[in-house]
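Student: File structure.csv below, CSV, C-alpha atoms and all ligand atoms:
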chain,number,residue,atom,x,y,z
A,12,MET,CA,0.0,0.0,0.0
A,13,SER,CA,1.3,3.5,-0.8
A,14,ARG,CA,2.2,5.6,2.1
A,15,ILE,CA,1.0,9.2,2.4
A,16,PHE,CA,2.8,11.9,4.4
A,17,SER,CA,1.7,15.6,4.7
A,18,GLY,CA,2.2,18.4,7.1
A,19,ILE,CA,0.7,21.7,8.2
A,20,GLN,CA,2.4,24.6,10.1
A,21,PRO,CA,0.9,25.8,13.4
A,22,SER,CA,1.6,29.3,12.1
A,23,GLY,CA,-2.0,30.4,12.5
A,24,GLU,CA,-5.6,29.1,12.3
A,25,LEU,CA,-6.6,26.4,9.8
A,26,HIS,CA,-8.1,28.3,6.9
A,27,ILE,CA,-10.3,27.4,4.0
A,28,GLY,CA,-7.3,27.4,1.7
A,29,ASN,CA,-5.6,24.8,3.7
A,30,TYR,CA,-8.8,22.9,4.1
A,31,LEU,CA,-9.8,22.9,0.4
A,32,GLY,CA,-6.2,22.5,-0.9
A,33,ALA,CA,-5.0,19.8,1.4
A,34,VAL,CA,-6.8,18.8,4.6
A,35,LYS,CA,-10.1,17.7,2.9
A,36,ASN,CA,-8.0,15.4,0.8
A,37,TRP,CA,-6.2,14.1,3.8
A,38,VAL,CA,-9.6,13.0,5.3
A,39,GLN,CA,-10.6,11.2,2.1
A,40,LEU,CA,-7.2,9.5,1.7
A,41,GLN,CA,-7.2,8.0,5.2
A,42,ASP,CA,-9.7,5.4,4.1
A,43,ARG,CA,-7.5,4.2,1.2
A,44,TYR,CA,-3.9,4.6,2.3
A,45,GLU,CA,-1.5,4.4,5.2
A,46,CYS,CA,-1.5,8.1,6.2
A,47,ILE,CA,0.8,10.1,8.4
A,48,TYR,CA,-0.1,13.7,9.1
A,49,CYS,CA,2.2,16.1,11.0
A,50,ILE,CA,1.8,19.5,12.6
A,51,VAL,CA,5.2,20.9,11.6
A,52,ASP,CA,6.2,23.2,14.4
A,53,TYR,CA,9.9,23.2,13.5
A,54,HIS,CA,8.8,24.8,10.2
A,55,ALA,CA,6.6,27.4,12.0
A,56,ILE,CA,9.6,28.7,13.9
A,57,THR,CA,11.2,30.0,10.7
A,58,GLY,CA,8.8,33.0,10.9
A,59,SER,CA,8.4,35.4,13.9
A,60,TYR,CA,6.3,34.0,16.8
A,61,GLU,CA,5.7,34.0,20.5
A,62,PRO,CA,6.4,30.7,22.3
A,63,ASP,CA,3.0,30.8,24.1
A,64,ASP,CA,1.2,31.4,20.9
A,65,LEU,CA,3.0,28.5,19.2
A,66,ARG,CA,2.0,26.1,22.0
A,67,ARG,CA,-1.6,27.2,21.8
A,68,ARG,CA,-1.7,27.1,18.0
A,69,THR,CA,-0.1,23.6,17.9
A,70,ARG,CA,-2.9,22.3,20.1
A,71,ASP,CA,-5.5,24.3,18.2
A,72,MET,CA,-4.3,22.9,14.9
A,73,ALA,CA,-4.7,19.3,16.3
A,74,VAL,CA,-8.3,20.2,17.3
A,75,SER,CA,-9.0,21.7,13.9
A,76,LEU,CA,-7.6,18.7,12.0
A,77,LEU,CA,-9.5,16.2,14.1
A,78,ALA,CA,-12.7,18.3,13.8
A,79,ALA,CA,-12.2,18.4,10.0
A,80,GLY,CA,-12.4,14.6,9.9
A,81,LEU,CA,-9.0,13.1,10.7
A,82,ASP,CA,-9.6,9.9,12.6
A,83,PRO,CA,-6.8,8.6,14.8
A,84,GLU,CA,-8.2,5.1,14.2
A,85,LYS,CA,-7.4,5.5,10.5
A,86,CYS,CA,-4.4,7.7,10.3
A,87,THR,CA,-1.4,8.9,12.4
A,88,LEU,CA,-1.3,12.5,13.7
A,89,PHE,CA,1.6,13.9,15.6
A,90,VAL,CA,3.8,17.0,16.2
A,91,GLN,CA,7.1,17.2,14.4
A,92,SER,CA,9.2,18.3,17.4
A,93,MET,CA,8.1,15.1,19.2
A,94,VAL,CA,10.1,13.1,16.7
A,95,PRO,CA,13.7,14.6,16.7
A,96,GLU,CA,14.8,12.4,13.8
A,97,HIS,CA,13.2,14.9,11.4
A,98,THR,CA,15.9,17.4,12.2
A,99,GLU,CA,18.6,14.8,12.2
A,100,LEU,CA,17.8,13.7,8.7
A,101,ALA,CA,17.4,17.3,7.6
A,102,TRP,CA,21.0,18.0,8.5
A,103,ILE,CA,22.1,14.9,6.5
A,104,LEU,CA,20.0,15.9,3.5
A,105,ASN,CA,21.5,19.5,3.7
A,106,THR,CA,24.8,17.9,2.6
A,107,VAL,CA,23.3,16.7,-0.7
A,108,THR,CA,21.1,19.7,-1.5
A,109,PRO,CA,22.3,22.2,-4.0
A,110,LEU,CA,22.3,25.8,-2.6
A,111,GLY,CA,21.2,27.2,-5.9
A,112,GLU,CA,18.0,25.1,-5.8
A,113,LEU,CA,17.1,26.5,-2.4
A,114,GLU,CA,17.7,30.1,-3.4
A,115,ARG,CA,15.4,29.8,-6.4
A,116,GLN,CA,12.4,28.5,-4.4
A,117,THR,CA,9.5,30.9,-4.9
A,118,GLN,CA,8.3,30.5,-1.3
A,119,PHE,CA,11.8,31.4,0.0
A,120,LYS,CA,12.0,34.5,-2.2
A,121,ASP,CA,8.5,35.5,-1.3
A,122,LYS,CA,8.8,35.0,2.5
A,123,ALA,CA,12.4,36.4,2.6
A,124,SER,CA,11.2,39.6,1.0
A,125,ARG,CA,8.8,40.1,3.9
A,126,GLN,CA,11.5,39.7,6.6
A,127,GLU,CA,14.1,42.3,7.5
A,128,SER,CA,16.7,39.7,8.5
A,129,VAL,CA,16.4,36.4,6.8
A,130,PRO,CA,17.2,33.3,9.0
A,131,ALA,CA,19.1,30.4,7.3
A,132,GLY,CA,16.2,28.2,8.5
A,133,LEU,CA,13.9,29.9,5.9
A,134,LEU,CA,16.3,29.0,3.2
A,135,ASN,CA,16.7,25.4,4.5
A,136,TYR,CA,12.9,25.0,5.0
A,137,PRO,CA,12.5,22.7,2.0
A,138,VAL,CA,15.3,20.4,3.2
A,139,LEU,CA,13.4,19.9,6.5
A,140,GLN,CA,10.3,19.3,4.4
A,141,ALA,CA,12.2,16.7,2.3
A,142,ALA,CA,13.3,15.0,5.6
A,143,ASP,CA,9.7,15.0,6.9
A,144,ILE,CA,8.6,13.0,3.8
A,145,LEU,CA,11.7,10.8,3.2
A,146,LEU,CA,11.9,9.8,6.9
A,147,TYR,CA,8.8,7.7,6.3
A,148,ARG,CA,9.7,6.8,2.8
A,149,ALA,CA,6.3,8.2,1.7
A,150,ASP,CA,5.2,7.9,-1.9
A,151,LEU,CA,2.4,10.5,-2.1
A,152,VAL,CA,2.1,13.9,-0.6
A,153,PRO,CA,-1.3,15.7,-0.7
A,154,VAL,CA,-0.6,19.4,-0.8
A,155,GLY,CA,-1.8,22.7,-2.4
A,156,GLU,CA,-0.2,24.0,-5.5
A,157,ASP,CA,2.2,26.3,-3.6
A,158,GLN,CA,4.1,23.2,-2.4
A,159,VAL,CA,4.6,21.6,-5.8
A,160,GLN,CA,8.0,23.2,-6.3
A,161,HIS,CA,9.2,22.1,-2.8
A,162,LEU,CA,8.2,18.5,-3.7
A,163,GLU,CA,10.1,18.7,-6.9
A,164,LEU,CA,13.1,19.5,-4.8
A,165,SER,CA,12.3,16.7,-2.4
A,166,ARG,CA,12.5,14.3,-5.3
A,167,GLU,CA,15.8,15.7,-6.4
A,168,ILE,CA,17.2,15.4,-2.9
A,169,ALA,CA,16.0,11.7,-2.7
A,170,ARG,CA,17.6,11.0,-6.1
A,171,ARG,CA,20.9,12.6,-5.1
A,172,TRP,CA,21.1,10.8,-1.8
A,173,ASN,CA,20.2,7.5,-3.4
A,174,ALA,CA,22.8,8.0,-6.2
A,175,LYS,CA,25.6,9.1,-3.8
A,176,PHE,CA,25.2,6.1,-1.5
A,177,GLY,CA,24.3,3.6,-4.2
A,178,VAL,CA,21.0,2.4,-2.8
A,179,GLU,CA,17.4,3.0,-3.7
A,180,LEU,CA,16.4,3.8,-0.1
A,181,PHE,CA,14.2,6.8,-0.7
A,182,PRO,CA,11.2,6.7,-3.1
A,183,GLU,CA,10.6,9.9,-5.1
A,184,PRO,CA,7.5,11.5,-3.5
A,185,GLN,CA,4.7,12.7,-5.8
A,186,PRO,CA,2.2,15.5,-5.1
A,187,LEU,CA,-1.5,14.8,-4.9
A,188,LEU,CA,-3.5,17.9,-5.8
A,189,THR,CA,-7.2,18.8,-5.3
A,190,PRO,CA,-9.3,20.8,-7.9
A,191,ALA,CA,-9.1,23.7,-5.3
A,192,ARG,CA,-5.3,23.6,-5.3
A,193,ARG,CA,-4.9,27.4,-5.0
A,194,ILE,CA,-7.4,29.5,-3.0
A,195,VAL,CA,-6.9,33.2,-3.3
A,196,GLY,CA,-7.4,35.5,-0.2
A,197,LEU,CA,-10.7,37.5,-0.1
A,198,ASP,CA,-8.8,40.6,-1.2
A,199,GLY,CA,-8.3,38.9,-4.5
A,200,GLN,CA,-4.5,39.7,-4.3
A,201,ALA,CA,-2.5,36.8,-3.1
A,202,LYS,CA,-2.8,33.1,-2.1
A,203,MET,CA,-4.7,32.7,1.1
A,204,SER,CA,-2.0,32.3,3.8
A,205,LYS,CA,-1.8,32.0,7.5
A,206,SER,CA,1.2,34.4,7.5
A,207,LEU,CA,-0.6,37.0,5.3
A,208,GLY,CA,-3.6,37.5,7.5
A,209,ASN,CA,-6.0,37.3,4.5
A,210,THR,CA,-7.7,34.1,5.7
A,211,VAL,CA,-11.2,32.7,6.4
A,212,GLY,CA,-10.8,30.4,9.3
A,213,VAL,CA,-12.5,27.0,9.2
A,214,LEU,CA,-13.6,27.4,12.8
A,215,GLU,CA,-14.6,31.1,12.6
A,216,GLU,CA,-18.0,32.2,13.8
A,217,PRO,CA,-20.6,32.5,11.0
A,218,ASP,CA,-21.0,36.3,11.6
A,219,ALA,CA,-17.3,36.9,11.3
A,220,ILE,CA,-17.2,34.9,8.1
A,221,TRP,CA,-20.1,36.9,6.6
A,222,GLN,CA,-18.4,40.2,7.6
A,223,LYS,CA,-15.3,39.1,5.6
A,224,LEU,CA,-17.4,37.8,2.6
A,225,ARG,CA,-19.5,40.9,2.2
A,226,PRO,CA,-16.7,43.2,1.1
A,227,ALA,CA,-14.7,40.5,-0.7
A,228,VAL,CA,-13.4,41.4,-4.2
A,229,THR,CA,-15.5,40.1,-7.2
A,230,ASP,CA,-15.2,40.6,-11.0
A,231,PRO,CA,-14.1,44.2,-11.2
A,232,ALA,CA,-16.2,44.7,-14.4
A,233,ARG,CA,-19.4,44.4,-12.3
A,234,VAL,CA,-19.4,48.1,-11.2
A,235,ARG,CA,-23.2,48.4,-11.3
A,236,ARG,CA,-25.8,45.8,-10.4
A,237,THR,CA,-26.9,45.6,-14.0
A,238,ASP,CA,-23.3,44.9,-15.4
A,239,PRO,CA,-23.0,41.3,-16.5
A,240,GLY,CA,-20.0,39.5,-15.0
A,241,THR,CA,-17.5,36.7,-15.9
A,242,PRO,CA,-17.6,34.1,-13.2
A,243,GLU,CA,-14.3,32.4,-14.3
A,244,ILE,CA,-12.4,35.5,-13.1
A,245,CYS,CA,-14.3,35.9,-9.8
A,246,ASN,CA,-12.9,34.5,-6.6
A,247,ILE,CA,-16.4,34.1,-5.1
A,248,TYR,CA,-17.3,31.9,-8.1
A,249,HIS,CA,-14.1,29.8,-7.4
A,250,LEU,CA,-15.3,29.4,-3.8
A,251,HIS,CA,-18.7,28.3,-5.1
A,252,GLN,CA,-17.0,25.6,-7.1
A,253,ALA,CA,-15.4,24.4,-3.9
A,254,PHE,CA,-18.4,24.7,-1.5
A,255,SER,CA,-21.7,24.6,-3.5
A,256,ASP,CA,-23.3,21.7,-5.3
A,257,PRO,CA,-23.0,21.4,-9.1
A,258,PRO,CA,-26.6,22.7,-9.9
A,259,THR,CA,-26.0,25.8,-7.6
A,260,VAL,CA,-22.6,26.4,-9.3
A,261,GLU,CA,-24.3,26.4,-12.7
A,262,HIS,CA,-27.1,28.7,-11.5
A,263,VAL,CA,-24.5,31.1,-10.0
A,264,ALA,CA,-22.6,31.3,-13.3
A,265,HIS,CA,-25.8,32.0,-15.2
A,266,MET,CA,-27.1,34.7,-12.8
A,267,CYS,CA,-23.6,36.4,-12.9
A,268,ARG,CA,-23.3,36.3,-16.7
A,269,THR,CA,-26.8,37.7,-17.2
A,270,ALA,CA,-26.7,40.2,-14.3
A,271,GLY,CA,-29.7,38.3,-12.9
A,272,TRP,CA,-28.5,39.1,-9.4
A,273,GLY,CA,-25.9,41.3,-7.8
A,274,CYS,CA,-22.7,40.1,-6.1
A,275,ILE,CA,-24.2,40.3,-2.7
A,276,GLU,CA,-26.9,37.8,-3.5
A,277,CYS,CA,-24.2,35.5,-4.9
A,278,LYS,CA,-22.3,35.8,-1.7
A,279,ARG,CA,-25.4,35.0,0.4
A,280,VAL,CA,-25.7,31.7,-1.4
A,281,LEU,CA,-22.0,31.0,-1.0
A,282,PHE,CA,-22.3,31.8,2.7
A,283,GLU,CA,-25.1,29.2,3.0
A,284,SER,CA,-23.0,26.6,1.2
A,285,MET,CA,-20.0,27.3,3.4
A,286,MET,CA,-22.1,27.0,6.6
A,287,ARG,CA,-23.4,23.6,5.5
A,288,GLU,CA,-19.8,22.3,5.3
A,289,LEU,CA,-18.2,24.3,8.2
A,290,THR,CA,-20.9,24.2,10.9
A,291,PRO,CA,-20.4,20.4,11.7
A,292,ILE,CA,-16.6,21.0,11.9
A,293,ARG,CA,-17.1,23.9,14.2
A,294,GLU,CA,-19.4,21.9,16.4
A,295,ARG,CA,-17.0,18.9,16.6
A,296,ALA,CA,-14.1,21.3,17.5
A,297,ALA,CA,-16.1,22.6,20.5
A,298,GLU,CA,-16.6,19.0,21.7
A,299,LEU,CA,-12.9,18.2,21.2
A,300,ARG,CA,-11.8,21.4,23.1
A,301,ALA,CA,-13.7,20.2,26.1
A,302,HIS,CA,-11.3,17.2,26.4
A,303,PRO,CA,-7.7,18.5,25.9
A,304,GLU,CA,-6.3,15.3,27.5
A,305,ARG,CA,-7.7,13.3,24.6
A,306,ILE,CA,-5.8,15.5,22.1
A,307,ASP,CA,-2.6,15.0,24.0
A,308,GLU,CA,-3.2,11.2,24.0
A,309,VAL,CA,-3.7,11.2,20.2
A,310,LEU,CA,-0.5,13.2,19.6
A,311,HIS,CA,1.6,11.1,21.9
A,312,ALA,CA,0.4,7.8,20.4
A,313,GLY,CA,1.1,9.3,17.0
A,314,ALA,CA,4.6,10.4,17.9
A,315,GLU,CA,5.5,7.0,19.4
A,316,HIS,CA,4.3,5.2,16.3
A,317,CYS,CA,6.3,7.6,14.0
A,318,ARG,CA,9.4,7.5,16.1
A,319,ALA,CA,9.7,3.8,15.7
A,320,MET,CA,9.5,4.2,11.9
A,321,ALA,CA,11.8,7.1,11.9
A,322,GLN,CA,14.5,5.3,13.9
A,323,GLU,CA,14.4,2.4,11.4
A,324,THR,CA,15.0,4.8,8.5
A,325,MET,CA,17.8,6.6,10.4
A,326,ALA,CA,19.6,3.3,11.2
A,327,ALA,CA,19.6,2.5,7.4
A,328,VAL,CA,20.7,6.0,6.4
A,329,LYS,CA,23.5,6.0,8.9
A,330,GLU,CA,24.7,2.6,7.9
A,331,HIS,CA,24.9,3.5,4.3
A,332,MET,CA,26.7,6.8,5.2
A,333,GLY,CA,29.4,5.3,7.5
A,334,LEU,CA,27.8,7.0,10.5
A,335,ASP,CA,27.1,3.7,12.4
A,336,LEU,CA,30.1,3.2,14.8
A,337,ALA,CA,29.1,1.8,18.1
A,338,PRO,CA,28.2,4.6,20.6
A,339,VAL,CA,31.1,5.9,22.6
A,340,PRO,CA,31.2,4.8,26.2
A,341,PRO,CA,29.9,7.3,28.8
A,342,LEU,CA,32.4,10.1,29.9
A,343,GLY,CA,34.8,9.0,32.7
A,344,ARG,CA,34.7,5.3,31.8
A,345,ALA,CA,37.2,5.5,28.9
A,346,GLY,CA,40.7,4.4,29.8
A,347,VAL,CA,39.8,3.1,33.2
B,401,LIG,P1,2.1,30.0,6.0
B,401,LIG,O1,1.5,31.3,5.5
B,401,LIG,O2,2.5,30.1,7.4
B,401,LIG,O3,3.0,29.3,5.0
B,401,LIG,P2,-0.1,28.5,4.9
B,401,LIG,O4,-1.4,29.0,5.0
B,401,LIG,O5,0.6,28.6,3.6
B,401,LIG,O6,0.8,29.1,6.1
B,401,LIG,P3,1.0,25.8,5.3
B,401,LIG,O7,1.0,25.2,6.7
B,401,LIG,O8,2.2,26.4,4.8
B,401,LIG,O9,-0.2,26.9,5.3
B,401,LIG,O10,0.4,24.7,4.3
B,401,LIG,C1,-0.5,23.7,4.7
B,401,LIG,C2,-1.1,23.0,3.5
B,401,LIG,O11,-2.1,23.9,2.9
B,401,LIG,C3,-0.1,22.8,2.3
B,401,LIG,O12,-0.4,21.6,1.7
B,401,LIG,C4,-0.4,23.9,1.4
B,401,LIG,O13,0.0,23.6,0.0
B,401,LIG,C5,-1.9,24.1,1.5
B,401,LIG,N1,-2.3,25.5,1.2
B,401,LIG,C6,-1.8,26.6,1.9
B,401,LIG,N2,-2.4,27.7,1.4
B,401,LIG,C7,-3.2,27.3,0.4
B,401,LIG,C8,-4.1,27.9,-0.5
B,401,LIG,N3,-4.3,29.3,-0.5
B,401,LIG,N4,-4.8,27.2,-1.4
B,401,LIG,C9,-4.7,25.8,-1.4
B,401,LIG,N5,-3.9,25.2,-0.6
B,401,LIG,C10,-3.2,25.9,0.3
B,402,MG,MG,2.6,28.0,3.5
Would it be possible to restate this file's structure as structure tokens?
Ligand code: ATP
Ligand code: MG

Tutor:
Amino acid sequence: MSRIFSGIQPSGELHIGNYLGAVKNWVQLQDRYECIYCIVDYHAITGSYEPDDLRRRTRDMAVSLLAAGLDPEKCTLFVQSMVPEHTELAWILNTVTPLGELERQTQFKDKASRQESVPAGLLNYPVLQAADILLYRADLVPVGEDQVQHLELSREIARRWNAKFGVELFPEPQPLLTPARRIVGLDGQAKMSKSLGNTVGVLEEPDAIWQKLRPAVTDPARVRRTDPGTPEICNIYHLHQAFSDPPTVEHVAHMCRTAGWGCIECKRVLFESMMRELTPIRERAAELRAHPERIDEVLHAGAEHCRAMAQETMAAVKEHMGLDLAPVPPLGRAGV
């Protein structure tokens, strides 16, 4: 059976971009594959953050993912820093990663341009990501479109390591994309991102979501209520495609093209479709929050399971690299 690995940063709340581009797929895949899902806190520390916030967001992310439908009976969920082998393998993979490839990653250039002082961790982020995936020798990685370039680099890193040490230890991981692979923020400007603050949270209260939807950018050609629009260039239409049923999507397109209704009516219908999908998630999250000890249990069991797999891979990696001498005796014993 193919093995799936994917991760999400606790760098903010789970938003509808993450949900539609990745997490909804994670839920479906857990019935068909061996799935490992990780809250990647070592990735999240490459941006600025407060330790207390990180702690809270990590737990909140676990709640959101379980509420969205991850089932610990069917998949493994854990926190990256609970399995230190991720960083150990990342160091090793750094030694076969070409610097030029890291420098040309779009996400690096984009995120670095928003920071005054760029930490080396931001540059090396895709190496840690390669380590996350290769540690479990995963074949498939369900992600949004923004991660496709990083995955291409993961494949190159796997190829280089395999070639250098003459063994096919690491499979080349392939991305799995959804139809909603790139959700744009409601300002219509950039990809919806936790770090850009242009998100609609999966767990947000209905009122708050409506307050964000109401002023959201639509087809700029629809200045007056009577101007016909082009649904294909409208972000609200794209969200309909993700949240509304096919007859509604068809109706929405028709009403937009014929100026049969104004954008606000279109948004009302979208809001209803969104609520149909998000309300049960919000309710499940409230139930889960009432039992924080259960969340910790899930994460600990997940980490234990993953550590065993990670240690197996690391033993093989070290053996092939000549890093497998017997451990040195404890200090003070030598020479006695
Ligand atoms: P950050 O801004 O901190 O990078 P993010 O919102 O990009 O946060 P990540 O944790 O980096 O979220 O990514 C988690 C998953 O969500 C990845 O698979 C990523 O490809 C996917 N994803 C993120 N943003 C979008 C989006 N706007 N549309 C579709 N998928 C997305
Ligand atoms: Mg991101």

Student: Just the number, please: distance in Å from CA of Thr259 (chain A) to CA of Ser284 (chain A), one decimal.

Tutor: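 CA of Ser284 (chain A) lies 9.3 Å from CA of Thr259 (chain A).
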
Student: Counting all atoms listed in the file, name the residues that have an atom within 8 Å of an atom of ligand MG 402 (chain B); the answer should be given as a PyMOL selection string.

Tutor: chain A and resi 20+118+157-158+204-206

Student: Could you give me, as a PyMOL selection string, every polymer residue with an atom at most 6 Å away from an atom of ligand LIG 401 (chain B), counting all atoms listed in the file?

Tutor: chain A and resi 19-20+22+28-29+32-33+154-158+192-195+202-206

Student: Report as a ChimeraX atom specification all protein, DNA and RNA residues lying within 7 Å of region 79-81 of chain A, evaluated on only C-alpha atoms, omitting residues in the same chain fewer than 4 positions from it.

Tutor: /A:38,75,292

Student: Taking into account only C-alpha atoms, which residue in the set A:Gly240, A:Pro303, A:Gly23, A:Pro258 is nearest to Val213 (chain A)?

Tutor: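 Ranking A:Gly240, A:Pro303, A:Gly23, A:Pro258 by distance to Val213 (chain A), first place goes to A:Gly23.
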
Student: Distance cut-off 7 Å, centre (16.5, 19.3, -2.8) in file coordinates, counting only C-alpha atoms: which residues qualify? Return them as a PyMOL selection string.

Tutor: chain A and resi 108-109+112+138+164-168

Student: Can you work out which one of A:Val234, A:Gln126, A:Val34, A:Phe181 has the shortest atom-to-atom distance to Ala78 (chain A), counting all atoms listed in the file?

Tutor: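 Selected residue with least distance to Ala78 (chain A): A:Val34.
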
Student: Measuring between only C-alpha atoms, which one of A:Arg115, A:Val178, A:Ala219, A:Arg318 shows the shortest distance to Pro95 (chain A)?

Tutor: A:Arg318

Student: Between CA of Val74 (chain A) and CA of Pro291 (chain A), what is the distance in Å, rounded to a tenth?

Tutor: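 Here the two named atoms are 13.3 Å from each other.
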
Student: Expressed in Å to a single decimal, how great is the separation between CA of Pro242 (chain A) and CA of Gly273 (chain A)?

Tutor: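 If I compute the distance from CA of Pro242 (chain A) to CA of Gly273 (chain A), I get 12.2 Å.
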
Student: Here is a test: counting all atoms listed in the file, which residue of A:Thr69, A:Asn209, A:Gln116, A:Thr98 is nearest to His161 (chain A)?

Tutor: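 When distances to His161 (chain A) are compared using all atoms listed in the file, the smallest one comes from A:Gln116.
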
Student: I'd like to know which of A:His249, A:Arg268, A:Val280, A:Glu183 is closest to Arg225 (chain A), using all atoms listed in the file.

Tutor: A:Val280

Student: From the options A:Met12, A:Leu25, A:Ala101, A:Ala232, which residue's atoms come nearest to Asp150 (chain A), counting only C-alpha atoms?

Tutor: A:Met12

Student: Skipping near chain neighbours, those fewer than 4 positions away, what residues fall within 12 Å of Leu76 (chain A) using all atoms listed in the file, listed as JSON, numbers by chain?

Tutor: {"A": [18, 19, 20, 21, 24, 25, 26, 29, 30, 33, 34, 35, 36, 37, 38, 48, 49, 50, 68, 69, 70, 71, 72, 80, 81, 82, 83, 86, 87, 88, 89, 213, 214, 292, 293, 295, 296, 299, 306, 309, 310]}

Student: Considering all atoms listed in the file, return as a tab-separated table (two decimals) with C-alpha atoms, in the coordinates of the input whatever protein or nucleic-acid residues lie within 12 Å of Glu283 (chain A), sequence-local ones (same chain, fewer than 6 positions apart) excluded.

Tutor:
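The result, stored in result35.tsv:
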chain	number	residue	atom	x	y	z
A	217	PRO	CA	-20.60	32.50	11.00
A	218	ASP	CA	-21.00	36.30	11.60
A	220	ILE	CA	-17.20	34.90	8.10
A	221	TRP	CA	-20.10	36.90	6.60
A	224	LEU	CA	-17.40	37.80	2.60
A	250	LEU	CA	-15.30	29.40	-3.80
A	251	HIS	CA	-18.70	28.30	-5.10
A	254	PHE	CA	-18.40	24.70	-1.50
A	255	SER	CA	-21.70	24.60	-3.50
A	256	ASP	CA	-23.30	21.70	-5.30
A	259	THR	CA	-26.00	25.80	-7.60
A	276	GLU	CA	-26.90	37.80	-3.50
A	277	CYS	CA	-24.20	35.50	-4.90
A	289	LEU	CA	-18.20	24.30	8.20
A	290	THR	CA	-20.90	24.20	10.90

Student: Counting all atoms listed in the file, which residues sit no farther than 10 Å from the position (23.7, 3.8, 0.9) in the file's frame? I'd like them as a PyMOL selection string.

Tutor: chain A and resi 172-180+327-333
